[in-house]
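Novice: Dropping the structure in here first, questions after.
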Protein chains: 2
Amino acid sequence: MSPRQADTRQRALDVALELFAEQGYEKTSLREIAERLDVTKAALYYHFASKEALLAGIIDSLVEPVDELVAWSQTQPRTTEFRLEYLRRLAELLQGPLSRWISFVQQNQPVLRDHTEAGQKMQSRLLLLCARIIEPEAALQDQLRSLLGLLAVYLGNLAPASAMLRSLGFEATPEELAVAAMDVARELVRIGPDQWS
Amino acid sequence: MSPRQADTRQRALDVALELFAEQGYEKTSLREIAERLDVTKAALYYHFASKEALLAGIIDSLVEPVDELVAWSQTQPRTTEFRLEYLRRLAELLQGPLSRWISFVQQNQPVLRDHTEAGQKMQSRLLLLCARIIEPEAALQDQLRSLLGLLAVYLGNLAPASAMLRSLGFEATPEELAVAAMDVARELVRIGPDQWS
DNA sequence: GTCTATAAGTAGATAGAC
DNA sequence: GTCTATCTACTTATAGAC
């Protein structure tokens with residue numbers, strides 16, 4: 001396969017993800033996607049049976065890195081040390097592949113909550129991602145603190161979130177923000193006087 | 001005016017808000033809104049020049065309680081005590097009028113980020129709401145902690161968020177959750193050894 | 001694997017009668 | 001203030017040639 005004309009299917013997934021994440025699923029038409037790919041709508045229908053199938057394809061590719069993190073987390077004991085490492089790995093993902101994933105989720109709440117099977121898959125992974133930081137035996141307050149620790153990492157490492165923080169008056173570089181967020185997060189996921197560490 | 005046939009304009013705003021918050025702006029058609037009102041699309045156009053004007057009308061009505069909270073906050077000194085009271089008032093709003101507002105924002109990120117003037121208004125209020133909890137002179141970590149305190153109140157008091165928490169395994173009634181969230185939030189907005197209190 | 005052509009439907013919006 | 005009827009534009013999706 002020539003490098004230019006390489007795999008229209010894959011290019012379609014990339015372009016569609018970009019547009020869906022930017023302007024939402026409903027607002028993005030197949031015509032628009034096809035134009036960017038420099039093919040016709042009909043060509044698109046050769047690769048995907050429907051717009052929803054295209055959506056499902058995107059979701060499948062996005063879910064992968066999350067599943068890896070969750071799978072790893074399930075082999076670990078639920079100690080404070082584990083939660084700290086979990087946050088470190090999450091921070092890394094948020095700066096990489098998870099970045100597009102989260103934007104996509106945020107911009108497409110309506111479709112994802114729909115009956116669609118793909119949407120359910122997406123939502124379930126998001127819940128799982130949050131659930132792994134929570135220690136079921138801990139006090140309610142400590143469970144909440146852990147979850148907020150995860151949110152801190154999210155705020156500090158996801159590009160749009162950190163841009164919002166700076167627009168809120170945070171005078172810090174993205175790097176400083178990521179470090180500060182991890183500081184705060186560490187404090188939050190530490191439970192009791194070494195009860196579960 | 002008869003109570004039944006009362007003000008189609010207001011009823012339209014109510015119905016549209018409900019539908020927009022539930023399934024998103026793009027996915028909701030004027031036909032659907034008109035059907036629920038038991039009038040025709042044309043009648044809708046008598047009251048609103050366009051779909052976007054309808055959106056703007058909704059936003060204006062939603063922005064009001066937020067503006068009140070922000071206005072009050074601007075008369076207050078920026079002490080820890082203020083932030084605690086701010087959170088108490090926010091918690092109240094989240095259980096009342098702000099509830100629909102937040103769902104609406106969450107489900108309509110794409111439209112609200114658009115060029116539309118109404119969308120900008122909405123976003124600016126959301127930022128302002130967050131900004132009032134932040135002490136500009138504080139250390140970056142403490143600023144983040146305050147913001148997370150606000151998020152805790154959000155998680156604990158907004159119905160959909162607290163439903164999500166329970167699906168995450170939090171075994172608590174909505175009331176218990178709200179109390180626990182305020183506990184955690186109090187701890188987070190407290191800055192240093194009474195530096196700004 | 002990509003094209004042209006087109007079907008079938010719905011969207012937002014308007015004209016003009018009542 | 002609400003109606004019927006209609007317009008234009010655009011949507012998802014399909015049929016069939018190359």
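Going through the structure tokens in order, the chains are called A, B, and so on, while each chain numbers its residues from 1 and the ligands are numbered from 1 in the order shown.
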Compile the residues of chain A that lie within 7 Å of chain B, evaluated using only C-alpha atoms, and express the compilation as a VMD selection string.
Specialist: chain A and resid 23 to 24 26 to 27 107 109 to 110 127 131 140 to 141 145 148 168 180 184
Novice: List every residue of range 16-193 of chain B that DSSP, applied to the backbone of this structure, assigns to helix (DSSP H, G or I), and report them as an NGL selection string.
Specialist: :B and (16-23 or 30-37 or 41-47 or 51-74 or 80-95 or 97-107 or 109-113 or 117-131 or 140-157 or 159-167 or 174-189)
Novice: Do me a favour and pick out the residues of chain A within 9 Å of chain C, using only C-alpha atoms (C1' of nucleotides), as a PDB file with C-alpha atoms, in the first residue's frame.
Specialist:
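Just written: out_0.pdb:
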ATOM      1  CA  VAL A  39     -13.130  10.768  -0.929  1.00  0.00           C
ATOM      2  CA  THR A  40     -16.896  10.598  -1.403  1.00  0.00           C
ATOM      3  CA  ALA A  42     -20.149   6.449  -0.709  1.00  0.00           C
ATOM      4  CA  ALA A  43     -16.532   5.427  -0.234  1.00  0.00           C
ATOM      5  CA  TYR A  46     -17.751   0.914   1.903  1.00  0.00           C
TER       6      TYR A  46
END
Novice: When you get a sec, could you note down which chain D residues fall within 8 Å of chain A, using only C-alpha atoms (C1' of nucleotides), as a PDB file with C-alpha atoms (C1' of nucleotides), in the first residue's frame?
Specialist:
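And here's selection15.pdb as it stands now:
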ATOM      1  C1'  DT D  11     -28.841  14.509   6.271  1.00  0.00           C
ATOM      2  C1'  DT D  12     -28.069   9.233   6.209  1.00  0.00           C
ATOM      3  C1'  DA D  13     -28.031   5.675   3.167  1.00  0.00           C
TER       4       DA D  13
END
Novice: Identify, on the basis of only C-alpha atoms (C1' of nucleotides), every residue whose closest approach to range 34-36 of chain B does not exceed 8 Å; exclude the query and any residue fewer than 5 positions from it along the same chain; express the result as a list in words.
Specialist: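 Returned residues: Ala12, Val15, Lys41 and Leu44 of chain B.
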Novice: Keeping all heavy atoms, export the residues of the selection given above as a short mmCIF file (atom, residue, chain, number, x, y, z; two decimals), in the first residue's frame.
Specialist:
data_model
loop_
_atom_site.label_atom_id
_atom_site.label_comp_id
_atom_site.auth_asym_id
_atom_site.auth_seq_id
_atom_site.Cartn_x
_atom_site.Cartn_y
_atom_site.Cartn_z
N ALA B 12 -42.51 26.97 26.21
CA ALA B 12 -41.51 26.54 25.22
C ALA B 12 -40.12 26.53 25.85
O ALA B 12 -39.33 25.60 25.64
CB ALA B 12 -41.54 27.47 24.01
N VAL B 15 -39.91 23.41 28.17
CA VAL B 15 -39.81 22.14 27.43
C VAL B 15 -38.46 22.02 26.73
O VAL B 15 -37.80 20.97 26.75
CB VAL B 15 -40.95 22.03 26.40
CG1 VAL B 15 -40.69 20.93 25.40
CG2 VAL B 15 -42.27 21.81 27.11
N LYS B 41 -44.72 24.04 14.57
CA LYS B 41 -43.42 24.70 14.50
C LYS B 41 -43.58 26.19 14.22
O LYS B 41 -42.90 27.03 14.82
CB LYS B 41 -42.58 24.09 13.37
CG LYS B 41 -41.81 22.87 13.74
CD LYS B 41 -40.83 22.50 12.63
CE LYS B 41 -41.54 22.17 11.32
NZ LYS B 41 -40.57 21.98 10.21
N LEU B 44 -44.09 28.26 17.10
CA LEU B 44 -42.83 28.44 17.83
C LEU B 44 -42.06 29.63 17.25
O LEU B 44 -41.46 30.41 18.00
CB LEU B 44 -42.01 27.16 17.70
CG LEU B 44 -41.30 26.63 18.95
CD1 LEU B 44 -42.21 26.66 20.15
CD2 LEU B 44 -40.80 25.22 18.67
#
